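Participant: Dropping a structure here in structure tokens format, bear with me for questions.
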Amino acid sequence: MNIIEDIEEYLKEWIKTGTPTKSFRDINFSSKTNIAIKVIKLSTNDTIIDEIYKTIEKDTIVYILGLYLYYDISNSKYRGELSSKSIKQPRIYQFLNMVLQKDRAKRECNPKILLSIFDFEPRDIIEDVIENKDYKIEEFSTLGLTRVKNQDYLAVLELDNSVVLIVADGVGGAKSGEIASKIAVDFIVEQFGKNLYKHQSTHQSILNFLRNSIYNANQKILQYMAQNNVDMMGTTLSIAFIIDNMNLYTAHIGDSRIYQMDSDFKVKQITQDHSMREVLYRANKITKKEKEVYKKNILAFVLGKKNLRKENIFVQQSILYQNSKLFLCSDGFWEKIVVTRDVFEKTLYKLKEDIYNSIPTDNVTMIRYSSKSNNNTIETIYEEYEDEEEIDDTNYSSGYTTNRKKSKKQIMVERINYLKNMLIIILLISSLTFFILNFLSSVDSNLIEQTHNLIKKGE
């Protein structure tokens, strides 16, 4: 048996008998070297030796289990923190974090809980790479280092001349969030599977298809809640639909995000966060400083709400630059790692290292899309059909309407146009002034000449 199986057997025996082994000298783990000798050698904390010789309470037993597991995985002493890269794995890290607490009162001593931590599931980690002549898609999802359920869901759907990328982050409790995200993603995949999008002939009709699909996914979740007597469950949903490796359609609700990096290496966030703090900020209800300290996990718009309106769903169409890259992620990623050029260019292996080194306290899901297109588009064609979002005063006690802030590009264009207009006005005034001065100068010359002639006649 391996080390985890050893610990599982010990915990099962503990649950069966109702008590841990009475003496630490009896913890042999399948007749292996006595664990007590190892503990004394491995521990850098003398107090654990005192614990062993004075008493053998439950909290000391679980600490011994942790030391045993830590050394077997990292081949090094435990020095008071889970710093070794080798133990930054889902469930392993969580188990060690529970039992290797310096404060004895904080150690998890319930064998049923500890045993459940090792209940590995297929969805703990999802990883795949799809690559062809047009694009490369990398998928990765992990439950993180502190959660026991992966409530995130993702999907990549390859069609005839297009591809669909989907990320969803479930909310509302472990089981409920997982179900909500699955319902939403499965429904969207089903809609695309029916080829309904092929009947849409314009940008607007495709955006309407995406918006209606998300809205109907919400109805599916509400239907499930009613049938199963569930009070609260929901999910974010972000979709990138790419046709001919050039036309990009995005649809989104919640606080998962879609980023884009073009050939100029500039990274921009395509989607708008539907967190309450972001909506309030965009409505000019709070300042930028207040936004920084406002609770970021309260969602204004999310699937699973009865009062959700189609206008709350973000949709947008644009053209991809040559060699553009897209990055979709749940908030478990962007809350820990700033999305910069590095995120688009690092290897998937290095990116996973960054994720675990940041000690994610949430599920983390990401999809990275790299275009291999020869599309020589120089200027992005941007169309946005999203109506200005409004929050119904009857549904939200804060009673406000959103007023989307202008983008930096819009502000820059307006400023340039303003300067152009001012320059034109200045030139006109200068020309007029020059003309008047010339006129007055010529008048003065004539008067002087006439006066001079009169004087001569007088003489």
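Here's how to read the names in the structure tokens: chain A, B, ... by the order shown, residue numbers from 1 in each chain, ligand numbers from 1 in the order shown.
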Fewer than 5 positions away in the same chain doesn't count, so skip those; otherwise give me all residues within 12 Å of A:Phe118, counting only C-alpha atoms, as a list in words.

Facilitator: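 The filter keeps Ile3, Ile4, Glu5, Asp6, Ile7, Glu8, Glu9, Leu11, Lys12, Gln89, Pro90, Arg91, Ile92, Tyr93, Gln94, Phe95, Leu96, Pro111, Lys112, Ile113, Asp124, Val148 and Lys149 of chain A.
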
Participant: Would you pick out the contacts of A:Ile183 at 12 Å or less, using only C-alpha atoms, so that residues sharing its chain but fewer than 5 positions from it are not included, and give the list as an NGL selection string?

Facilitator: :A and (151-154 or 168-170 or 176-178 or 188-190 or 214 or 216-225 or 233-237 or 303-304)

Participant: Which residue, A:Leu145, A:Ile137, A:Val185, A:Val129, has the smallest gap to A:Ile359 when you use only C-alpha atoms?

Facilitator: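 Answer, going by the shortest atom-to-atom distance: A:Leu145.
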
Participant: Choose the residue, out of A:Tyr63, A:Phe344, A:Tyr10, A:Tyr197, that has the smallest atom-to-atom separation from A:Ser324; count only C-alpha atoms.

Facilitator: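 Comparing A:Tyr63, A:Phe344, A:Tyr10, A:Tyr197 against A:Ser324, the winner is A:Phe344.
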
Participant: Expressed in Å to a single decimal, how great is the separation between atom CA of A:Met246 and atom CA of A:Thr365?

Facilitator: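 That distance, rounded to one decimal, is 24.5 Å.
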
Participant: Which is closer to A:Ile126 than all the others in A:Val364, A:Leu207, A:Leu165, A:Leu432, using only C-alpha atoms?

Facilitator: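 Counting only C-alpha atoms, the residue closest to A:Ile126 is A:Val364.
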